[in-house]
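Visitor: Dropping in coords07.tsv, which is TSV, C-alpha atoms:
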```tsv
chain	number	residue	atom	x	y	z
A	1	MET	CA	27.46	7.53	-40.42
A	2	ALA	CA	24.84	8.10	-37.72
A	3	LEU	CA	21.41	6.47	-37.87
A	4	ILE	CA	19.24	8.04	-40.54
A	5	GLN	CA	16.50	10.37	-39.30
A	6	GLY	CA	13.40	9.70	-41.38
A	7	ILE	CA	10.47	11.90	-42.34
A	8	PRO	CA	6.76	11.69	-41.49
A	9	GLY	CA	4.88	9.44	-43.89
A	10	GLU	CA	3.08	6.17	-44.53
A	11	PHE	CA	4.23	2.78	-45.73
A	12	GLU	CA	3.40	1.43	-49.16
A	13	PRO	CA	1.69	-2.00	-49.40
A	14	GLN	CA	4.14	-4.80	-48.66
A	15	PRO	CA	4.50	-8.27	-50.28
A	16	TRP	CA	3.22	-9.84	-47.04
A	17	GLY	CA	0.39	-7.36	-46.30
A	18	GLU	CA	0.26	-3.80	-44.95
A	19	ALA	CA	1.55	-1.61	-42.12
A	20	ILE	CA	-1.06	0.70	-40.59
A	21	LEU	CA	-0.45	3.52	-38.12
A	22	ARG	CA	-3.06	2.98	-35.38
A	23	SER	CA	-1.98	5.93	-33.23
A	24	ARG	CA	0.95	8.32	-32.88
A	25	GLU	CA	3.31	5.62	-31.57
A	26	LEU	CA	1.56	2.36	-32.45
A	27	LEU	CA	1.98	0.48	-35.73
A	28	LEU	CA	-0.02	-2.61	-36.79
A	29	LEU	CA	1.32	-5.13	-39.26
A	30	ARG	CA	-1.55	-7.00	-40.94
A	31	ILE	CA	-0.15	-10.23	-42.38
A	32	ALA	CA	-2.09	-11.42	-45.45
A	33	ARG	CA	0.60	-13.78	-46.80
A	34	CYS	CA	3.07	-15.45	-44.47
A	35	PRO	CA	6.56	-15.71	-46.03
A	36	ALA	CA	8.04	-19.20	-46.28
A	37	ASP	CA	10.74	-18.33	-43.74
A	38	HIS	CA	8.14	-16.84	-41.34
A	39	GLU	CA	9.92	-13.49	-41.31
A	40	VAL	CA	8.31	-10.24	-42.42
A	41	ARG	CA	10.43	-7.26	-43.32
A	42	LEU	CA	9.19	-3.68	-43.02
A	43	PRO	CA	11.63	-1.48	-44.96
A	44	GLY	CA	12.45	2.08	-43.98
A	45	LEU	CA	11.27	2.26	-40.35
A	46	ALA	CA	13.39	5.07	-38.90
A	47	THR	CA	11.66	5.19	-35.49
A	48	THR	CA	13.05	2.73	-32.94
A	49	PRO	CA	10.56	0.03	-31.83
A	50	ARG	CA	10.05	-0.39	-28.05
A	51	HIS	CA	8.49	-3.84	-28.29
A	52	VAL	CA	6.78	-6.13	-30.80
A	53	VAL	CA	3.91	-8.43	-29.79
A	54	GLU	CA	0.91	-10.34	-31.14
A	55	ASP	CA	-2.02	-7.96	-31.13
A	56	HIS	CA	-4.65	-10.25	-29.58
A	57	THR	CA	-2.54	-12.32	-27.16
A	58	GLY	CA	0.17	-9.83	-26.20
A	59	ARG	CA	2.79	-12.55	-26.70
A	60	ALA	CA	6.22	-11.12	-27.44
A	61	LEU	CA	7.68	-11.79	-30.87
A	62	THR	CA	11.33	-12.00	-31.86
A	63	TRP	CA	12.46	-9.00	-33.90
A	64	ARG	CA	15.64	-7.24	-35.04
A	65	ARG	CA	16.78	-4.17	-36.92
A	66	ASP	CA	18.54	-4.67	-40.25
A	67	GLY	CA	19.75	-1.23	-41.28
A	68	ASP	CA	16.58	0.83	-41.61
A	69	ASP	CA	14.37	-2.28	-41.80
A	70	LEU	CA	12.35	-4.00	-39.07
A	71	VAL	CA	12.39	-7.80	-39.34
A	72	VAL	CA	9.80	-9.75	-37.27
A	73	ARG	CA	9.77	-13.52	-36.73
A	74	LEU	CA	6.22	-14.93	-36.94
A	75	PRO	CA	5.01	-18.08	-35.15
A	76	GLU	CA	5.38	-21.16	-37.33
A	77	ALA	CA	2.04	-22.62	-36.25
A	78	GLY	CA	-1.44	-21.19	-36.66
A	79	ALA	CA	-2.80	-18.34	-38.73
A	80	PRO	CA	-0.53	-15.31	-39.19
A	81	PRO	CA	-1.19	-12.85	-36.35
A	82	VAL	CA	-1.72	-9.12	-36.45
A	83	VAL	CA	1.56	-7.70	-35.13
A	84	ARG	CA	1.58	-4.69	-32.81
A	85	VAL	CA	4.73	-2.55	-32.90
A	86	ALA	CA	5.05	0.02	-30.12
A	87	LEU	CA	7.30	2.88	-31.23
A	88	ALA	CA	9.67	5.00	-29.16
A	89	GLY	CA	8.38	8.20	-30.72
A	90	LYS	CA	6.37	9.52	-33.66
A	91	LEU	CA	6.46	7.38	-36.81
A	92	ARG	CA	9.18	8.47	-39.20
A	93	ILE	CA	10.11	6.58	-42.35
A	94	VAL	CA	12.94	6.31	-44.87
A	95	PRO	CA	11.23	6.26	-48.32
A	96	GLU	CA	12.28	3.48	-50.68
A	97	ASP	CA	13.76	5.98	-53.17
A	98	THR	CA	16.07	7.49	-50.54
A	99	VAL	CA	19.65	7.84	-51.78
A	100	THR	CA	22.69	8.40	-49.55
A	101	ALA	CA	25.52	10.52	-50.93
A	102	ASN	CA	28.59	8.64	-52.14
A	103	ALA	CA	32.02	8.93	-50.51
A	104	ASP	CA	32.61	12.30	-52.26
A	105	GLY	CA	29.30	13.63	-50.94
A	106	VAL	CA	27.73	13.47	-54.42
A	107	TRP	CA	24.26	12.30	-55.51
A	108	ASP	CA	23.64	11.25	-59.12
A	109	LEU	CA	19.90	10.68	-59.51
A	110	THR	CA	17.63	9.53	-62.30
A	111	PRO	CA	14.28	10.58	-60.84
A	112	ALA	CA	11.38	8.15	-61.14
A	113	GLY	CA	8.84	10.75	-60.04
A	114	PRO	CA	8.34	14.33	-58.88
A	115	THR	CA	10.22	13.86	-55.60
A	116	ALA	CA	13.63	12.49	-54.64
A	117	HIS	CA	14.90	11.87	-51.09
A	118	LEU	CA	18.51	12.58	-50.11
A	119	VAL	CA	20.67	11.72	-47.11
A	120	ALA	CA	24.03	13.40	-46.53
A	121	ARG	CA	26.90	11.59	-44.82
A	122	ARG	CA	27.99	14.87	-43.22
A	123	ALA	CA	26.49	18.32	-42.87
A	124	GLY	CA	27.46	21.01	-45.37
A	125	ASP	CA	26.33	23.28	-48.19
A	126	VAL	CA	25.42	21.64	-51.49
A	127	ALA	CA	24.29	22.83	-54.92
A	128	ILE	CA	22.07	21.18	-57.54
A	129	ARG	CA	22.54	20.70	-61.28
A	130	PHE	CA	19.39	19.72	-63.20
A	131	VAL	CA	19.72	17.97	-66.57
A	132	GLY	CA	16.81	17.84	-69.00
A	133	MET	CA	14.40	19.92	-71.04
A	134	VAL	CA	12.03	22.43	-69.43
A	135	GLU	CA	9.94	25.27	-70.81
A	136	PRO	CA	12.13	28.42	-71.01
A	137	ASP	CA	9.31	30.66	-69.77
A	138	SER	CA	8.40	28.44	-66.81
A	139	LEU	CA	9.11	29.38	-63.19
A	140	HIS	CA	10.23	26.86	-60.58
A	141	GLN	CA	10.53	26.93	-56.80
A	142	ILE	CA	13.53	24.76	-55.86
A	143	ARG	CA	13.30	23.69	-52.21
A	144	LEU	CA	15.82	21.65	-50.25
A	145	ALA	CA	16.72	21.51	-46.57
A	146	GLY	CA	14.59	24.51	-45.59
A	147	ARG	CA	15.87	26.85	-48.29
A	148	ARG	CA	14.08	27.93	-51.47
A	149	TYR	CA	15.08	29.64	-54.72
A	150	GLY	CA	12.83	30.88	-57.53
A	151	VAL	CA	14.41	29.87	-60.84
A	152	ALA	CA	13.29	30.58	-64.41
A	153	GLY	CA	13.12	27.68	-66.85
A	154	HIS	CA	15.80	29.10	-69.15
A	155	VAL	CA	18.23	29.12	-66.19
A	156	LEU	CA	17.22	25.86	-64.50
A	157	THR	CA	19.32	23.51	-66.65
A	158	ARG	CA	22.16	25.93	-67.45
A	159	THR	CA	23.77	26.46	-64.05
A	160	THR	CA	23.97	25.03	-60.55
A	161	ILE	CA	21.40	26.17	-57.99
A	162	GLY	CA	22.21	26.74	-54.33
A	163	PRO	CA	23.66	26.68	-51.80
A	164	PHE	CA	21.42	24.50	-49.64
A	165	PRO	CA	22.41	23.61	-46.03
A	166	MET	CA	22.16	19.80	-45.94
A	167	PRO	CA	22.03	18.26	-42.44
A	168	GLU	CA	23.83	15.04	-41.58
A	169	SER	CA	22.01	11.68	-41.71
A	170	ARG	CA	18.53	13.13	-42.21
A	171	VAL	CA	16.13	12.34	-45.06
A	172	VAL	CA	15.51	15.53	-47.05
A	173	PRO	CA	12.96	15.63	-49.91
A	174	LEU	CA	13.73	17.38	-53.18
A	175	ALA	CA	10.96	18.32	-55.60
A	176	VAL	CA	12.08	17.57	-59.17
A	177	PRO	CA	10.70	19.84	-61.94
A	178	ALA	CA	8.87	18.21	-64.84
A	179	GLY	CA	11.17	17.57	-67.79
A	180	VAL	CA	14.25	16.89	-65.64
A	181	ARG	CA	15.74	13.47	-66.41
A	182	ARG	CA	18.82	13.59	-64.19
A	183	VAL	CA	19.90	15.43	-61.03
A	184	LEU	CA	23.47	15.99	-59.82
A	185	VAL	CA	23.95	17.26	-56.26
A	186	ALA	CA	27.41	17.97	-54.86
A	187	PRO	CA	29.07	19.83	-51.98
A	188	VAL	CA	29.84	23.46	-52.74
A	189	GLY	CA	33.47	23.60	-53.84
A	190	THR	CA	33.36	20.34	-55.80
A	191	VAL	CA	34.38	20.06	-59.45
A	192	LEU	CA	32.44	17.07	-60.79
A	193	ALA	CA	32.89	14.94	-63.90
A	194	SER	CA	29.85	13.01	-65.13
A	195	ILE	CA	29.03	10.83	-68.14
A	196	HIS	CA	25.98	11.38	-70.33
A	197	PRO	CA	25.27	8.79	-73.03
A	198	GLY	CA	23.39	9.68	-76.19
A	199	ARG	CA	22.15	7.76	-79.21
A	200	ALA	CA	25.40	7.64	-81.14
A	201	GLU	CA	27.91	9.21	-78.79
A	202	LEU	CA	28.83	9.81	-75.19
A	203	THR	CA	29.45	13.19	-73.56
A	204	VAL	CA	31.84	13.79	-70.67
A	205	VAL	CA	30.68	16.82	-68.68
A	206	VAL	CA	32.57	18.77	-66.00
A	207	THR	CA	30.51	20.98	-63.67
A	208	ASN	CA	31.97	23.56	-61.33
A	209	PHE	CA	30.06	23.47	-58.02
A	210	GLY	CA	32.63	25.84	-56.51
A	211	ARG	CA	32.76	29.58	-55.93
A	212	THR	CA	35.86	30.30	-58.04
A	213	PRO	CA	36.79	29.46	-61.67
A	214	ALA	CA	38.14	25.94	-62.21
A	215	ARG	CA	40.78	24.48	-64.48
A	216	GLY	CA	42.07	20.98	-65.05
A	217	GLU	CA	42.14	17.88	-67.21
A	218	VAL	CA	39.72	15.00	-67.63
A	219	GLU	CA	40.34	11.56	-69.09
A	220	LEU	CA	37.90	8.79	-70.02
A	221	PRO	CA	39.46	5.37	-69.41
A	222	LEU	CA	37.84	2.58	-71.43
A	223	PRO	CA	37.70	-1.18	-70.85
A	224	PRO	CA	39.59	-3.60	-73.11
A	225	GLY	CA	37.99	-3.84	-76.54
A	226	TRP	CA	36.38	-0.38	-76.32
A	227	SER	CA	37.78	2.63	-78.11
A	228	ALA	CA	37.13	6.32	-78.80
A	229	PRO	CA	38.81	8.82	-81.12
A	230	GLU	CA	39.43	11.17	-78.18
A	231	GLN	CA	39.69	10.40	-74.46
A	232	THR	CA	41.50	13.37	-72.88
A	233	TRP	CA	40.44	17.02	-72.61
A	234	ALA	CA	41.66	20.15	-70.82
A	235	PHE	CA	39.66	23.14	-69.59
A	236	ASP	CA	40.44	26.52	-68.05
A	237	GLY	CA	38.36	29.37	-66.66
A	238	LEU	CA	35.23	27.27	-66.00
A	239	GLU	CA	33.05	29.75	-64.13
A	240	PRO	CA	31.22	28.85	-60.88
A	241	GLY	CA	27.96	27.05	-61.57
A	242	ARG	CA	28.80	26.33	-65.20
A	243	SER	CA	29.45	23.11	-67.11
A	244	ILE	CA	31.55	22.17	-70.11
A	245	GLY	CA	31.25	18.98	-72.15
A	246	TRP	CA	33.01	16.97	-74.84
A	247	ALA	CA	31.22	14.47	-77.07
A	248	THR	CA	32.99	11.38	-78.37
A	249	ARG	CA	31.86	8.28	-80.23
A	250	ILE	CA	32.47	5.02	-78.35
A	251	THR	CA	32.82	1.65	-80.08
A	252	GLY	CA	32.72	-1.67	-78.31
A	253	VAL	CA	30.39	-4.43	-77.17
A	254	GLY	CA	28.86	-5.17	-73.79
A	255	GLU	CA	28.08	-3.31	-70.60
A	256	HIS	CA	30.61	-1.52	-68.40
A	257	GLU	CA	30.66	1.10	-65.67
A	258	LEU	CA	32.65	4.08	-66.92
A	259	ARG	CA	34.16	6.76	-64.70
A	260	ALA	CA	35.99	9.81	-65.96
A	261	ARG	CA	39.33	10.57	-64.28
A	262	LEU	CA	39.33	14.26	-63.29
A	263	ASP	CA	42.27	16.35	-62.12
A	264	ALA	CA	40.94	19.75	-61.04
A	265	GLY	CA	42.34	20.15	-57.53
A	266	ARG	CA	41.64	18.47	-54.22
A	267	ARG	CA	37.84	18.76	-54.54
A	268	SER	CA	37.73	16.79	-57.79
A	269	ALA	CA	35.03	14.11	-57.98
A	270	SER	CA	33.65	11.78	-60.63
A	271	SER	CA	30.28	10.09	-60.93
A	272	PRO	CA	30.24	6.69	-62.67
A	273	TYR	CA	27.69	5.62	-65.26
A	274	VAL	CA	26.85	2.18	-66.67
A	275	VAL	CA	27.08	2.27	-70.46
A	276	ARG	CA	25.65	-0.42	-72.74
A	277	LEU	CA	26.82	-0.80	-76.34
```
Give the structure from the file, written as structure tokens.
Guide:
Amino acid sequence: MALIQGIPGEFEPQPWGEAILRSRELLLLRIARCPADHEVRLPGLATTPRHVVEDHTGRALTWRRDGDDLVVRLPEAGAPPVVRVALAGKLRIVPEDTVTANADGVWDLTPAGPTAHLVARRAGDVAIRFVGMVEPDSLHQIRLAGRRYGVAGHVLTRTTIGPFPMPESRVVPLAVPAGVRRVLVAPVGTVLASIHPGRAELTVVVTNFGRTPARGEVELPLPPGWSAPEQTWAFDGLEPGRSIGWATRITGVGEHELRARLDAGRRSASSPYVVRL
């Protein structure tokens, strides 16, 4: 996958201090606490640094890129310096909550706040399935990748929303409506199986992100020592945008990642979920 293109923004406080944008292409790292290994890591810097020096002396410092992170080696003697990072362009960041699609091009998100950040491995149209409880009479503006849809609350969690034209390797924000506890995003054409645990049972859900009705079979393999009264289901005529689910009671002890096995054509995909009993 190509290097991720970040978005404009600011850095959160870091364990070692703070990163401050002094000008359009100049970043200052103020070191309040020098790490024991004398290396500071600035996560999510998408803009390429041109050079890294001590602010007051101009002495060059050793630095490297580690994925989307900038790692700077501080001098071992003396007080920690202010570090000046000259950037090869306008500051762009990769937020800490950024999630890259899995190998099937699917995102399975449990939002921690009102915004999620997505990165696609390849360009293409996607659709969104929101899971949760929202007011039926509410109205929501769903924006992603430059496209917007107005959606009523009674529709928001009943069908997929889209399509949205996701670019490749670029951070794209998604505003998450209040009351949504989980977000599934998949390429248009995908038939996706997902697992949704409840208090006393677990539900296997199949969602049709395609444009034509879907049919197939889904199975829930279980680890040794776990059991369920029913583990295989069939479906037919699942309309585009719709979901179907089957609840089953699971018995067992421990924690395991479960993944439903879906057979619904070549665009079948399955999102795993860690279940604790």
Visitor: For A:Ala36, list every protein, DNA or RNA residue within 12 Å, evaluated using all atoms listed in the file, and leave out those in the same chain fewer than 6 positions away; present the list as an mmCIF file with C-alpha atoms, in the coordinates of the input.
Guide:
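Saved result, result25.cif, follows:
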```
data_model
loop_
_atom_site.group_PDB
_atom_site.id
_atom_site.type_symbol
_atom_site.label_atom_id
_atom_site.label_comp_id
_atom_site.auth_asym_id
_atom_site.auth_seq_id
_atom_site.Cartn_x
_atom_site.Cartn_y
_atom_site.Cartn_z
ATOM 1 C CA TRP A 16 3.220 -9.840 -47.040
ATOM 2 C CA ARG A 73 9.770 -13.520 -36.730
ATOM 3 C CA LEU A 74 6.220 -14.930 -36.940
ATOM 4 C CA PRO A 75 5.010 -18.080 -35.150
ATOM 5 C CA GLU A 76 5.380 -21.160 -37.330
ATOM 6 C CA PRO A 80 -0.530 -15.310 -39.190
#
```
Visitor: List as a Markdown table every residue of stretch 34-71 of chain A that is in contact with stretch 87-109 of chain A, defined as an atom at most 8 Å from one of its atoms (using all atoms listed in the file), together with the nearest atom pair and the distance in Å rounded to one decimal, sorted by chain and then rising number.
Guide:
```
| residue | atom | partner | partner_atom | distance |
| --- | --- | --- | --- | --- |
| A:Pro43 | CA | A:Glu96 | CA | 7.6 |
| A:Gly44 | CA | A:Val94 | CA | 4.4 |
| A:Leu45 | CA | A:Ile93 | CA | 4.9 |
| A:Ala46 | CA | A:Ile93 | CA | 5.0 |
| A:Thr47 | CA | A:Arg92 | CA | 5.5 |
| A:Thr48 | CA | A:Ala88 | CA | 5.6 |
| A:Pro49 | CA | A:Leu87 | CA | 4.4 |
| A:Arg50 | CA | A:Leu87 | CA | 5.3 |
| A:His51 | CA | A:Leu87 | CA | 7.4 |
| A:Asp68 | CA | A:Val94 | CA | 7.3 |
```
Visitor: The selected residues should be written to file as a PDB file, in the coordinates of the input (atoms: C-alpha atoms).
Guide:
```pdb
ATOM      1  CA  PRO A  43      11.630  -1.480 -44.960  1.00  0.00           C
ATOM      2  CA  GLY A  44      12.450   2.080 -43.980  1.00  0.00           C
ATOM      3  CA  LEU A  45      11.270   2.260 -40.350  1.00  0.00           C
ATOM      4  CA  ALA A  46      13.390   5.070 -38.900  1.00  0.00           C
ATOM      5  CA  THR A  47      11.660   5.190 -35.490  1.00  0.00           C
ATOM      6  CA  THR A  48      13.050   2.730 -32.940  1.00  0.00           C
ATOM      7  CA  PRO A  49      10.560   0.030 -31.830  1.00  0.00           C
ATOM      8  CA  ARG A  50      10.050  -0.390 -28.050  1.00  0.00           C
ATOM      9  CA  HIS A  51       8.490  -3.840 -28.290  1.00  0.00           C
ATOM     10  CA  ASP A  68      16.580   0.830 -41.610  1.00  0.00           C
TER      11      ASP A  68
END
```
Visitor: Around (45.0, 22.1, -56.0), as given in the file, which residues come within 12 Å? Count all atoms listed in the file and list them as a list in words.
Guide: Gly189, Thr190, Val191, Ala214, Arg215, Gly216, Asp263, Ala264, Gly265, Arg266, Arg267 and Ser268 of chain A
Visitor: Which is closest to A:Glu257 among A:Phe209, A:Tyr149, A:Tyr273, A:Phe235, if we use all atoms listed in the file?
Guide: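 Nearest candidate to A:Glu257 out of A:Phe209, A:Tyr149, A:Tyr273, A:Phe235: A:Tyr273.
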Visitor: Find the distance between atom CA of A:Arg84 and atom CA of A:Glu25 and write it in Å to one decimal.
Guide: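 One can read the atom CA of A:Arg84 to atom CA of A:Glu25 distance as 10.5 Å.
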Visitor: Restricting the calculation to all atoms listed in the file: of A:Val131, A:Val218, A:Leu26, A:Leu42, which residue gets closest to A:Asp55?
Guide: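 Looking only at the distances to A:Asp55, the closest residue turns out to be A:Leu26.
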Visitor: From the list A:Pro167, A:Gly153, A:Gly58, A:Gly237, which residue is nearest A:Pro213 when using all atoms listed in the file?
Guide: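 Selected residue with least distance to A:Pro213: A:Gly237.
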Visitor: For stretch 133-153 of chain A, which lacks atoms in the input, supply N, CA, C and O atoms and format the output as a compact mmCIF listing (two decimals), keeping the file's coordinate frame.
Guide:
```txt
# COMPACT_ATOMS: atom_id res chain seq x y z
N MET A 133 15.03 18.91 -70.19
CA MET A 133 14.40 19.92 -71.04
C MET A 133 13.18 20.48 -70.31
O MET A 133 12.26 19.73 -69.97
N VAL A 134 13.17 21.78 -70.06
CA VAL A 134 12.03 22.43 -69.43
C VAL A 134 11.63 23.64 -70.27
O VAL A 134 12.41 24.15 -71.08
N GLU A 135 10.42 24.11 -70.06
CA GLU A 135 9.94 25.27 -70.81
C GLU A 135 10.74 26.51 -70.41
O GLU A 135 10.85 26.81 -69.22
N PRO A 136 11.30 27.25 -71.36
CA PRO A 136 12.13 28.42 -71.01
C PRO A 136 11.38 29.48 -70.21
O PRO A 136 11.98 30.15 -69.36
N ASP A 137 10.08 29.62 -70.45
CA ASP A 137 9.31 30.66 -69.77
C ASP A 137 8.71 30.20 -68.45
O ASP A 137 8.01 30.97 -67.80
N SER A 138 8.97 28.96 -68.06
CA SER A 138 8.40 28.44 -66.81
C SER A 138 9.15 29.01 -65.61
O SER A 138 10.26 29.52 -65.72
N LEU A 139 8.51 28.93 -64.44
CA LEU A 139 9.11 29.38 -63.19
C LEU A 139 9.03 28.26 -62.18
O LEU A 139 7.97 27.64 -62.01
N HIS A 140 10.14 28.00 -61.49
CA HIS A 140 10.23 26.86 -60.58
C HIS A 140 10.69 27.32 -59.20
O HIS A 140 11.56 28.19 -59.09
N GLN A 141 10.09 26.72 -58.17
CA GLN A 141 10.53 26.93 -56.80
C GLN A 141 11.33 25.71 -56.37
O GLN A 141 10.78 24.62 -56.20
N ILE A 142 12.63 25.87 -56.22
CA ILE A 142 13.53 24.76 -55.86
C ILE A 142 13.74 24.80 -54.34
O ILE A 142 14.33 25.74 -53.82
N ARG A 143 13.24 23.76 -53.67
CA ARG A 143 13.30 23.69 -52.21
C ARG A 143 14.14 22.50 -51.78
O ARG A 143 13.97 21.39 -52.29
N LEU A 144 15.02 22.73 -50.83
CA LEU A 144 15.82 21.65 -50.25
C LEU A 144 16.34 22.11 -48.90
O LEU A 144 16.89 23.21 -48.78
N ALA A 145 16.15 21.27 -47.90
CA ALA A 145 16.72 21.51 -46.57
C ALA A 145 16.34 22.88 -46.01
O ALA A 145 17.16 23.59 -45.43
N GLY A 146 15.08 23.27 -46.19
CA GLY A 146 14.59 24.51 -45.59
C GLY A 146 14.93 25.78 -46.34
O GLY A 146 14.63 26.88 -45.85
N ARG A 147 15.53 25.67 -47.51
CA ARG A 147 15.87 26.85 -48.29
C ARG A 147 15.19 26.76 -49.66
O ARG A 147 15.03 25.68 -50.21
N ARG A 148 14.82 27.91 -50.22
CA ARG A 148 14.08 27.93 -51.47
C ARG A 148 14.63 29.01 -52.40
O ARG A 148 14.99 30.10 -51.96
N TYR A 149 14.69 28.68 -53.69
CA TYR A 149 15.08 29.64 -54.72
C TYR A 149 14.05 29.61 -55.85
O TYR A 149 13.62 28.52 -56.28
N GLY A 150 13.65 30.78 -56.33
CA GLY A 150 12.83 30.88 -57.53
C GLY A 150 13.74 30.92 -58.75
O GLY A 150 14.63 31.77 -58.84
N VAL A 151 13.51 30.00 -59.69
CA VAL A 151 14.41 29.87 -60.84
C VAL A 151 13.59 29.81 -62.13
O VAL A 151 12.63 29.03 -62.24
N ALA A 152 13.95 30.61 -63.11
CA ALA A 152 13.29 30.58 -64.41
C ALA A 152 13.72 29.36 -65.20
O ALA A 152 14.84 28.84 -65.03
N GLY A 153 12.83 28.88 -66.08
CA GLY A 153 13.12 27.68 -66.85
C GLY A 153 14.36 27.79 -67.71
O GLY A 153 15.10 26.82 -67.86
```
